[in-house]
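start.cif (mmCIF, C-alpha atoms)
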```cif
data_data
#
loop_
_atom_site.group_PDB
_atom_site.id
_atom_site.type_symbol
_atom_site.label_atom_id
_atom_site.label_comp_id
_atom_site.auth_asym_id
_atom_site.auth_seq_id
_atom_site.Cartn_x
_atom_site.Cartn_y
_atom_site.Cartn_z
ATOM 1 C CA SER A 30 -55.078 -29.177 68.462
ATOM 2 C CA SER A 31 -53.071 -30.489 65.560
ATOM 3 C CA SER A 32 -50.170 -32.675 66.651
ATOM 4 C CA LYS A 33 -48.530 -33.523 63.310
ATOM 5 C CA ASP A 34 -44.899 -32.487 63.141
ATOM 6 C CA ALA A 35 -44.146 -30.431 60.054
ATOM 7 C CA GLY A 36 -40.479 -31.420 60.247
ATOM 8 C CA ASP A 37 -38.193 -29.269 58.128
ATOM 9 C CA ALA A 38 -40.942 -27.835 55.941
ATOM 10 C CA PRO A 39 -40.117 -24.146 55.466
ATOM 11 C CA PRO A 40 -42.568 -21.581 56.787
ATOM 12 C CA ARG A 41 -44.779 -20.257 54.028
ATOM 13 C CA PRO A 42 -46.907 -17.149 53.769
ATOM 14 C CA PRO A 43 -50.661 -17.379 53.243
ATOM 15 C CA PRO A 44 -51.995 -17.094 49.672
ATOM 16 C CA ALA A 45 -51.986 -13.547 48.329
ATOM 17 C CA ALA A 46 -55.739 -13.132 48.684
ATOM 18 C CA GLU A 47 -55.650 -14.454 52.231
ATOM 19 C CA ALA A 48 -52.685 -12.233 53.121
ATOM 20 C CA GLU A 49 -54.711 -9.211 52.076
ATOM 21 C CA LYS A 50 -57.582 -10.322 54.328
ATOM 22 C CA VAL A 51 -55.164 -10.831 57.218
ATOM 23 C CA ARG A 52 -53.858 -7.279 56.912
ATOM 24 C CA GLU A 53 -57.423 -5.989 57.151
ATOM 25 C CA LEU A 54 -58.125 -7.709 60.471
ATOM 26 C CA GLN A 55 -58.933 -5.434 63.394
ATOM 27 C CA GLU A 56 -57.492 -6.591 66.732
ATOM 28 C CA PRO A 57 -58.075 -10.274 66.003
ATOM 29 C CA VAL A 58 -58.261 -13.123 68.456
ATOM 30 C CA VAL A 59 -55.168 -15.261 67.820
ATOM 31 C CA ILE A 60 -55.911 -18.998 67.968
ATOM 32 C CA CYS A 61 -52.804 -21.115 68.531
ATOM 33 C CA GLY A 62 -53.434 -24.549 67.049
ATOM 34 C CA PHE A 63 -56.252 -25.313 64.624
ATOM 35 C CA GLY A 64 -57.352 -28.725 65.788
ATOM 36 C CA ARG A 65 -60.898 -29.471 66.882
ATOM 37 C CA LYS A 66 -61.026 -26.906 69.685
ATOM 38 C CA GLY A 67 -59.622 -24.155 67.484
ATOM 39 C CA GLN A 68 -62.041 -25.028 64.677
ATOM 40 C CA VAL A 69 -65.080 -24.742 66.945
ATOM 41 C CA LEU A 70 -63.844 -21.448 68.405
ATOM 42 C CA ALA A 71 -63.187 -19.962 64.956
ATOM 43 C CA SER A 72 -66.646 -21.028 63.812
ATOM 44 C CA MET A 73 -68.220 -19.379 66.847
ATOM 45 C CA LEU A 74 -66.257 -16.118 66.544
ATOM 46 C CA SER A 75 -67.249 -15.743 62.882
ATOM 47 C CA SER A 76 -70.845 -16.903 63.303
ATOM 48 C CA PRO A 77 -73.564 -14.686 61.789
ATOM 49 C CA LEU A 78 -75.636 -15.541 64.874
ATOM 50 C CA LEU A 79 -73.465 -13.152 66.890
ATOM 51 C CA SER A 80 -74.626 -9.556 67.079
ATOM 52 C CA ARG A 81 -71.109 -8.643 65.963
ATOM 53 C CA THR A 82 -68.587 -11.124 64.620
ATOM 54 C CA VAL A 83 -65.057 -11.161 66.016
ATOM 55 C CA ASP A 84 -61.980 -11.197 63.775
ATOM 56 C CA TYR A 85 -59.615 -14.109 64.330
ATOM 57 C CA ILE A 86 -56.460 -15.581 62.885
ATOM 58 C CA ALA A 87 -55.398 -19.172 63.551
ATOM 59 C CA LEU A 88 -51.804 -20.413 63.529
ATOM 60 C CA ASP A 89 -50.917 -24.049 62.889
ATOM 61 C CA TYR A 90 -47.713 -25.947 62.082
ATOM 62 C CA ASP A 91 -49.393 -28.779 60.175
ATOM 63 C CA PRO A 92 -49.403 -27.940 56.442
ATOM 64 C CA ASP A 93 -52.189 -30.429 55.718
ATOM 65 C CA VAL A 94 -54.466 -28.854 58.324
ATOM 66 C CA VAL A 95 -53.701 -25.381 56.978
ATOM 67 C CA ASP A 96 -54.456 -26.365 53.370
ATOM 68 C CA LEU A 97 -57.715 -28.088 54.276
ATOM 69 C CA ALA A 98 -58.853 -25.282 56.562
ATOM 70 C CA GLN A 99 -58.061 -22.533 54.041
ATOM 71 C CA ALA A 100 -60.014 -24.454 51.401
ATOM 72 C CA GLU A 101 -63.018 -24.411 53.764
ATOM 73 C CA GLY A 102 -62.747 -20.651 54.229
ATOM 74 C CA PHE A 103 -61.054 -20.555 57.628
ATOM 75 C CA ARG A 104 -58.447 -17.880 58.242
ATOM 76 C CA VAL A 105 -55.420 -20.022 59.078
ATOM 77 C CA VAL A 106 -51.743 -19.289 58.596
ATOM 78 C CA TYR A 107 -48.943 -21.850 58.526
ATOM 79 C CA GLY A 108 -46.137 -21.443 61.039
ATOM 80 C CA GLU A 109 -45.077 -21.893 64.650
ATOM 81 C CA ALA A 110 -47.531 -20.191 67.006
ATOM 82 C CA ALA A 111 -45.312 -17.476 68.455
ATOM 83 C CA PRO A 112 -45.332 -13.684 68.833
ATOM 84 C CA ASN A 113 -42.829 -13.188 65.983
ATOM 85 C CA LEU A 114 -45.231 -14.831 63.521
ATOM 86 C CA VAL A 115 -48.051 -12.561 64.676
ATOM 87 C CA ALA A 116 -45.759 -9.546 64.254
ATOM 88 C CA SER A 117 -44.669 -10.677 60.776
ATOM 89 C CA LEU A 118 -48.309 -10.767 59.659
ATOM 90 C CA GLY A 119 -48.738 -7.090 60.515
ATOM 91 C CA LEU A 120 -51.660 -7.809 62.848
ATOM 92 C CA GLY A 121 -50.860 -5.185 65.429
ATOM 93 C CA THR A 122 -51.997 -5.942 68.968
ATOM 94 C CA PRO A 123 -54.330 -8.948 69.273
ATOM 95 C CA ARG A 124 -57.551 -8.707 71.231
ATOM 96 C CA ALA A 125 -56.854 -12.032 72.938
ATOM 97 C CA ILE A 126 -54.649 -15.110 72.641
ATOM 98 C CA VAL A 127 -56.113 -18.611 72.848
ATOM 99 C CA VAL A 128 -53.721 -21.560 73.233
ATOM 100 C CA THR A 129 -55.359 -24.902 72.373
ATOM 101 C CA PHE A 130 -52.374 -27.267 72.272
ATOM 102 C CA ASP A 131 -52.779 -30.660 73.965
ATOM 103 C CA GLU A 132 -49.009 -31.020 74.430
ATOM 104 C CA ILE A 133 -48.160 -29.680 77.887
ATOM 105 C CA GLU A 134 -44.664 -28.375 77.101
ATOM 106 C CA LYS A 135 -45.826 -26.733 73.875
ATOM 107 C CA SER A 136 -48.780 -25.008 75.508
ATOM 108 C CA ILE A 137 -46.729 -23.737 78.440
ATOM 109 C CA SER A 138 -44.093 -22.344 76.077
ATOM 110 C CA ALA A 139 -46.717 -20.591 73.937
ATOM 111 C CA VAL A 140 -48.453 -19.042 76.957
ATOM 112 C CA SER A 141 -45.147 -17.814 78.365
ATOM 113 C CA GLN A 142 -44.024 -16.294 75.059
ATOM 114 C CA PHE A 143 -47.302 -14.543 74.296
ATOM 115 C CA LYS A 144 -47.768 -13.205 77.819
ATOM 116 C CA SER A 145 -44.230 -11.826 77.741
ATOM 117 C CA ALA A 146 -44.852 -10.156 74.366
ATOM 118 C CA TYR A 147 -48.362 -8.902 75.211
ATOM 119 C CA PRO A 148 -48.581 -8.534 79.015
ATOM 120 C CA GLN A 149 -51.842 -6.556 78.891
ATOM 121 C CA ILE A 150 -53.658 -8.963 76.558
ATOM 122 C CA PRO A 151 -55.709 -11.848 78.035
ATOM 123 C CA VAL A 152 -54.257 -15.282 77.330
ATOM 124 C CA PHE A 153 -56.674 -18.208 77.484
ATOM 125 C CA ALA A 154 -55.546 -21.820 77.410
ATOM 126 C CA THR A 155 -57.006 -25.295 77.497
ATOM 127 C CA ALA A 156 -55.586 -27.742 80.029
ATOM 128 C CA ARG A 157 -55.774 -31.518 80.138
ATOM 129 C CA ASP A 158 -56.056 -31.664 83.927
ATOM 130 C CA MET A 159 -55.394 -29.607 87.054
ATOM 131 C CA ARG A 160 -51.644 -30.176 86.929
ATOM 132 C CA HIS A 161 -51.563 -28.764 83.397
ATOM 133 C CA ALA A 162 -53.816 -25.864 84.450
ATOM 134 C CA ILE A 163 -51.601 -24.893 87.393
ATOM 135 C CA LEU A 164 -48.471 -24.917 85.232
ATOM 136 C CA LEU A 165 -50.246 -22.786 82.606
ATOM 137 C CA ASP A 166 -51.299 -20.385 85.343
ATOM 138 C CA LYS A 167 -47.692 -20.046 86.498
ATOM 139 C CA ALA A 168 -46.617 -19.455 82.881
ATOM 140 C CA GLY A 169 -48.948 -16.454 82.700
ATOM 141 C CA ALA A 170 -52.327 -17.719 81.463
ATOM 142 C CA ASP A 171 -55.231 -15.552 82.591
ATOM 143 C CA SER A 172 -57.782 -18.350 82.337
ATOM 144 C CA GLU A 173 -57.557 -22.120 81.894
ATOM 145 C CA ILE A 174 -60.326 -24.420 80.695
ATOM 146 C CA VAL A 175 -59.692 -27.780 82.388
ATOM 147 C CA GLU A 176 -60.986 -30.464 80.068
ATOM 148 C CA ILE A 177 -61.032 -33.394 82.493
ATOM 149 C CA ASN A 178 -63.003 -31.319 85.009
ATOM 150 C CA GLN A 179 -65.608 -30.346 82.432
ATOM 151 C CA ASN A 180 -65.862 -33.878 81.084
ATOM 152 C CA ALA A 181 -66.285 -35.339 84.562
ATOM 153 C CA MET A 182 -68.968 -32.809 85.473
ATOM 154 C CA ALA A 183 -70.818 -33.408 82.204
ATOM 155 C CA LEU A 184 -70.772 -37.141 82.892
ATOM 156 C CA CYS A 185 -72.104 -36.620 86.432
ATOM 157 C CA LYS A 186 -74.861 -34.336 85.150
ATOM 158 C CA GLN A 187 -76.045 -36.795 82.525
ATOM 159 C CA VAL A 188 -76.079 -39.743 84.920
ATOM 160 C CA LEU A 189 -77.731 -37.880 87.822
ATOM 161 C CA SER A 190 -80.334 -36.276 85.564
ATOM 162 C CA ARG A 191 -81.222 -39.648 84.099
ATOM 163 C CA VAL A 192 -81.563 -41.476 87.418
ATOM 164 C CA GLY A 193 -83.835 -38.801 88.833
ATOM 165 C CA THR A 194 -81.719 -36.724 91.227
ATOM 166 C CA PRO A 195 -82.121 -33.121 89.997
ATOM 167 C CA THR A 196 -81.391 -31.466 93.360
ATOM 168 C CA PHE A 197 -79.225 -32.094 96.423
ATOM 169 C CA GLY A 198 -80.581 -32.544 99.928
ATOM 170 C CA ASP A 199 -82.417 -30.033 102.057
ATOM 171 C CA SER A 200 -80.667 -27.102 100.422
ATOM 172 C CA GLY A 201 -82.442 -27.878 97.142
ATOM 173 C CA SER A 202 -79.339 -26.900 95.218
ATOM 174 C CA ASP A 203 -79.393 -27.747 91.541
ATOM 175 C CA LEU A 204 -76.653 -29.655 89.759
ATOM 176 C CA SER A 205 -74.997 -26.509 88.392
ATOM 177 C CA SER A 206 -74.498 -25.115 91.899
ATOM 178 C CA VAL A 207 -73.107 -28.425 93.126
ATOM 179 C CA PHE A 208 -70.684 -28.697 90.209
ATOM 180 C CA ASN A 209 -69.497 -25.128 90.718
ATOM 181 C CA VAL A 210 -68.671 -25.847 94.362
ATOM 182 C CA LEU A 211 -67.096 -29.194 93.486
ATOM 183 C CA SER A 212 -64.894 -27.667 90.766
ATOM 184 C CA LYS A 213 -63.601 -25.063 93.202
ATOM 185 C CA GLY A 214 -62.895 -27.770 95.755
ATOM 186 C CA ILE A 215 -60.986 -29.881 93.242
ATOM 187 C CA GLU A 216 -58.925 -26.869 92.210
ATOM 188 C CA ALA A 217 -58.149 -26.035 95.843
ATOM 189 C CA ARG A 218 -56.929 -29.592 96.505
ATOM 190 C CA ALA A 219 -54.791 -29.510 93.351
ATOM 191 C CA ARG A 220 -53.122 -26.268 94.432
ATOM 192 C CA GLU A 221 -52.025 -27.861 97.695
ATOM 193 C CA LEU A 222 -49.613 -30.129 95.793
ATOM 194 C CA ASP A 223 -46.175 -29.555 94.280
ATOM 195 C CA TRP A 224 -46.518 -30.161 90.543
ATOM 196 C CA GLU A 225 -43.136 -28.792 89.464
ATOM 197 C CA ASP A 226 -40.423 -30.369 91.593
ATOM 198 C CA ASP A 227 -41.742 -33.886 92.110
ATOM 199 C CA GLY A 228 -39.660 -35.322 89.255
ATOM 200 C CA THR A 229 -42.651 -36.645 87.299
ATOM 201 C CA PRO A 230 -42.356 -36.030 83.516
ATOM 202 C CA LEU A 231 -44.889 -33.512 82.250
ATOM 203 C CA GLY A 232 -46.688 -36.067 80.110
ATOM 204 C CA ALA A 233 -46.928 -38.626 82.921
ATOM 205 C CA ARG A 234 -49.514 -39.028 85.643
ATOM 206 C CA GLN A 235 -49.275 -39.934 89.319
ATOM 207 C CA ALA A 236 -52.096 -42.159 90.528
ATOM 208 C CA ALA A 237 -51.771 -41.016 94.144
ATOM 209 C CA LYS A 238 -52.002 -37.329 93.254
ATOM 210 C CA ASP A 239 -54.860 -37.913 90.822
ATOM 211 C CA LEU A 240 -56.756 -39.766 93.546
ATOM 212 C CA TYR A 241 -56.119 -36.988 96.061
ATOM 213 C CA VAL A 242 -57.372 -34.296 93.675
ATOM 214 C CA TYR A 243 -60.209 -36.026 91.824
ATOM 215 C CA GLY A 244 -61.075 -38.813 94.228
ATOM 216 C CA GLY A 245 -61.111 -35.996 96.764
ATOM 217 C CA ALA A 246 -64.514 -35.084 95.357
ATOM 218 C CA GLN A 247 -65.872 -37.626 97.849
ATOM 219 C CA ASN A 248 -64.248 -35.795 100.768
ATOM 220 C CA ILE A 249 -65.456 -32.437 99.488
ATOM 221 C CA MET A 250 -69.061 -33.610 99.247
ATOM 222 C CA ASN A 251 -68.874 -35.269 102.682
ATOM 223 C CA GLU A 252 -67.506 -32.083 104.264
ATOM 224 C CA ILE A 253 -70.298 -30.021 102.715
ATOM 225 C CA SER A 254 -72.856 -32.582 103.858
ATOM 226 C CA LEU A 255 -71.580 -32.341 107.450
ATOM 227 C CA SER A 256 -71.861 -28.545 107.311
ATOM 228 C CA THR A 257 -75.450 -28.660 106.074
ATOM 229 C CA THR A 258 -76.328 -31.387 108.588
ATOM 230 C CA GLY A 259 -74.895 -29.273 111.404
ATOM 231 C CA SER A 260 -77.182 -26.412 110.422
ATOM 232 C CA LYS A 261 -80.165 -28.744 110.459
ATOM 233 C CA ARG A 262 -79.334 -30.167 113.914
ATOM 234 C CA SER A 263 -79.015 -26.674 115.365
ATOM 235 C CA GLN A 264 -82.519 -25.949 114.000
ATOM 236 C CA GLN A 265 -81.201 -23.393 111.558
ATOM 237 C CA GLN A 266 -82.292 -23.154 107.970
ATOM 238 C CA PRO A 267 -80.136 -25.371 105.707
ATOM 239 C CA GLN A 268 -77.150 -23.375 104.486
ATOM 240 C CA PRO A 269 -76.904 -22.520 100.810
ATOM 241 C CA LEU A 270 -74.453 -24.874 99.151
ATOM 242 C CA GLU A 271 -71.795 -22.191 98.636
ATOM 243 C CA ALA A 272 -71.957 -21.184 102.298
ATOM 244 C CA ALA A 273 -71.702 -24.809 103.396
ATOM 245 C CA ALA A 274 -68.675 -25.303 101.138
ATOM 246 C CA ALA A 275 -67.018 -22.202 102.578
ATOM 247 C CA ALA A 276 -67.659 -23.433 106.111
ATOM 248 C CA ALA A 277 -66.196 -26.834 105.253
ATOM 249 C CA ALA A 278 -63.113 -25.205 103.713
ATOM 250 C CA ASP A 279 -62.622 -23.031 106.807
ATOM 251 C CA ALA A 280 -62.841 -26.088 109.040
ATOM 252 C CA ARG A 281 -60.312 -27.932 106.891
ATOM 253 C CA ASP A 282 -57.905 -24.967 106.964
ATOM 254 C CA GLU A 283 -58.236 -24.763 110.749
ATOM 255 C CA GLU A 284 -57.402 -28.463 111.085
ATOM 256 C CA LYS A 285 -54.285 -27.976 108.940
ATOM 257 C CA LEU A 286 -53.208 -24.999 111.043
ATOM 258 C CA ILE A 287 -53.602 -27.009 114.261
ATOM 259 C CA GLY A 288 -51.608 -29.844 112.704
ATOM 260 C CA LYS A 289 -48.757 -27.503 111.783
ATOM 261 C CA ARG A 290 -48.675 -26.043 115.305
ATOM 262 C CA ARG A 291 -48.364 -29.542 116.756
ATOM 263 C CA GLU A 292 -45.412 -30.256 114.460
#
```
Can the structure in the file be given as structure tokens, please?
Amino acid sequence: SSSKDAGDAPPRPPPAAEAEKVRELQEPVVICGFGRKGQVLASMLSSPLLSRTVDYIALDYDPDVVDLAQAEGFRVVYGEAAPNLVASLGLGTPRAIVVTFDEIEKSISAVSQFKSAYPQIPVFATARDMRHAILLDKAGADSEIVEINQNAMALCKQVLSRVGTPTFGDSGSDLSSVFNVLSKGIEARARELDWEDDGTPLGARQAAKDLYVYGGAQNIMNEISLSTTGSKRSQQQPQPLEAAAAAAADARDEEKLIGKRRE
């Protein structure tokens, strides 16, 4: 997303021709922030390769970005990404809201405002990491794309594919299945932690928590391995990866319950 501060520059309406196009939009997708992520999304929504293109309107508070994007034919309006700007454009009810801001506070505020104004409309948001994703979820986001998770999985896939390990163990699971299970495990570990009342500034990171969540991938894979190994020793067919992950999660939950009872 664009991070330039527009300062005291007054809000300005789109050019007359663009304003007319905006009024003609039918239930557009509202893109909050027209940085790199917003640009790719807008290009995809308006692509002639789609069987039916999807109307969109992008909102950005950087006048330079708006000028450049409008010159390239993108439908971008200058102003703070908020429900009152959408209402002032006469857009009616959006089909969806997509929040692409990198700044944690800004993205949480936008999600909260839009979900309050349009409770029935899906709000999508991009998150830097699991902490960001959980806070967006609590603010009302319906779906969060966690960038660090996707980047880490993409890195693993490239390395493992190149060194000749296309499947995992006796289950024969492909990389996509493994990454799906691993992503769920990482999210589950992240949701065990308190991300709101620990006193850490939103833009800061805690090495210990990061290691528990992301370094926990090692524990997750070991737990799944033990579950699949147990099946093999009992002369059963190797469990599918998802079943092994579920069994490992159940065992972990049972251990936590026993621990609490002892306390």
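Counting all atoms listed in the file, the residue from A:Thr122, A:Ser136, A:Ser80, A:Ser75 that sits nearest to Arg104 of chain A is A:Ser75.
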A:Asn248, A:Ser206, A:Thr155, A:Ser76: which is nearest Thr129 of chain A, counting only C-alpha atoms?
->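 The answer is A:Thr155, which sits nearest to Thr129 of chain A.
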Leaving out Ile133 of chain A and any residue of its chain fewer than 3 positions from it, which residues lie within 12 Å of it when counting all atoms listed in the file, given as a PyMOL selection string?
-> chain A and resi 30+32+128-130+136-140+154-165+168+230-233
Take the residues from that selection and put them in a file with C-alpha atoms, as a compact mmCIF listing (two decimals), in the frame of the given file.
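Heads up, here's the output in result.txt:
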```txt
# COMPACT_ATOMS: atom_id res chain seq x y z
CA SER A 30 -55.08 -29.18 68.46
CA SER A 32 -50.17 -32.67 66.65
CA VAL A 128 -53.72 -21.56 73.23
CA THR A 129 -55.36 -24.90 72.37
CA PHE A 130 -52.37 -27.27 72.27
CA SER A 136 -48.78 -25.01 75.51
CA ILE A 137 -46.73 -23.74 78.44
CA SER A 138 -44.09 -22.34 76.08
CA ALA A 139 -46.72 -20.59 73.94
CA VAL A 140 -48.45 -19.04 76.96
CA ALA A 154 -55.55 -21.82 77.41
CA THR A 155 -57.01 -25.30 77.50
CA ALA A 156 -55.59 -27.74 80.03
CA ARG A 157 -55.77 -31.52 80.14
CA ASP A 158 -56.06 -31.66 83.93
CA MET A 159 -55.39 -29.61 87.05
CA ARG A 160 -51.64 -30.18 86.93
CA HIS A 161 -51.56 -28.76 83.40
CA ALA A 162 -53.82 -25.86 84.45
CA ILE A 163 -51.60 -24.89 87.39
CA LEU A 164 -48.47 -24.92 85.23
CA LEU A 165 -50.25 -22.79 82.61
CA ALA A 168 -46.62 -19.45 82.88
CA PRO A 230 -42.36 -36.03 83.52
CA LEU A 231 -44.89 -33.51 82.25
CA GLY A 232 -46.69 -36.07 80.11
CA ALA A 233 -46.93 -38.63 82.92
```
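Of the residues listed (A:Arg81, A:Leu189, A:Ala71, A:Ser117), A:Ala71 shows the shortest atom-to-atom separation from Ala98 of chain A; distances use all atoms listed in the file.
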Smallest atom-to-atom distance to Val210 of chain A: which of A:Val192, A:Ala246, A:Ala237, A:Ile150, using only C-alpha atoms?
->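 Ranked by minimum distance to Val210 of chain A, first place goes to A:Ala246.
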So which residues get picked by the PyMOL selection byres ((chain A and resi 185) around 12) here, written as a PDB file with C-alpha atoms, keeping the file's coordinate frame?
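Dumped to out.pdb:
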```pdb
ATOM      1  CA  ASN A 178     -63.003 -31.319  85.009  1.00  0.00           C
ATOM      2  CA  GLN A 179     -65.608 -30.346  82.432  1.00  0.00           C
ATOM      3  CA  ASN A 180     -65.862 -33.878  81.084  1.00  0.00           C
ATOM      4  CA  ALA A 181     -66.285 -35.339  84.562  1.00  0.00           C
ATOM      5  CA  MET A 182     -68.968 -32.809  85.473  1.00  0.00           C
ATOM      6  CA  ALA A 183     -70.818 -33.408  82.204  1.00  0.00           C
ATOM      7  CA  LEU A 184     -70.772 -37.141  82.892  1.00  0.00           C
ATOM      8  CA  LYS A 186     -74.861 -34.336  85.150  1.00  0.00           C
ATOM      9  CA  GLN A 187     -76.045 -36.795  82.525  1.00  0.00           C
ATOM     10  CA  VAL A 188     -76.079 -39.743  84.920  1.00  0.00           C
ATOM     11  CA  LEU A 189     -77.731 -37.880  87.822  1.00  0.00           C
ATOM     12  CA  SER A 190     -80.334 -36.276  85.564  1.00  0.00           C
ATOM     13  CA  ARG A 191     -81.222 -39.648  84.099  1.00  0.00           C
ATOM     14  CA  VAL A 192     -81.563 -41.476  87.418  1.00  0.00           C
ATOM     15  CA  THR A 194     -81.719 -36.724  91.227  1.00  0.00           C
ATOM     16  CA  PRO A 195     -82.121 -33.121  89.997  1.00  0.00           C
ATOM     17  CA  LEU A 204     -76.653 -29.655  89.759  1.00  0.00           C
ATOM     18  CA  SER A 205     -74.997 -26.509  88.392  1.00  0.00           C
ATOM     19  CA  VAL A 207     -73.107 -28.425  93.126  1.00  0.00           C
ATOM     20  CA  PHE A 208     -70.684 -28.697  90.209  1.00  0.00           C
ATOM     21  CA  LEU A 211     -67.096 -29.194  93.486  1.00  0.00           C
ATOM     22  CA  ALA A 246     -64.514 -35.084  95.357  1.00  0.00           C
TER      23      ALA A 246
END
```
Output the residue selection produced by the PyMOL selection byres ((chain A and resi 86) around 9) on the file above, formatted as number ranges by chain.
-> A: 51, 54, 57-61, 71, 84-85, 87-88, 103-106
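Minimum atom-to-atom distances from A:Gly62, A:Pro123, A:Pro77, A:Gly244 to Lys135 of chain A were compared using all atoms listed in the file, and the lowest value belongs to A:Gly62.
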List the neighbours of Pro112 of chain A out to 8 Å using all atoms listed in the file; skip same-chain residues closer than 4 positions along the sequence, and give me the result as JSON, numbers by chain.
-> {"A": [116, 142, 143, 146]}
Using the selection just defined, write its residues with C-alpha atoms as an mmCIF file, keeping the file's coordinate frame.
```cif
data_model
loop_
_atom_site.group_PDB
_atom_site.id
_atom_site.type_symbol
_atom_site.label_atom_id
_atom_site.label_comp_id
_atom_site.auth_asym_id
_atom_site.auth_seq_id
_atom_site.Cartn_x
_atom_site.Cartn_y
_atom_site.Cartn_z
ATOM 1 C CA ALA A 116 -45.759 -9.546 64.254
ATOM 2 C CA GLN A 142 -44.024 -16.294 75.059
ATOM 3 C CA PHE A 143 -47.302 -14.543 74.296
ATOM 4 C CA ALA A 146 -44.852 -10.156 74.366
#
```
Hey, can you check how far atom CA of Asp96 of chain A sits from atom CA of Val115 of chain A?
->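 Between atom CA of Asp96 of chain A and atom CA of Val115 of chain A the gap is 19.0 Å.
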Atomic separation - atom CA of Lys238 of chain A relative to atom CA of Lys213 of chain A, Å = 16.9 Å
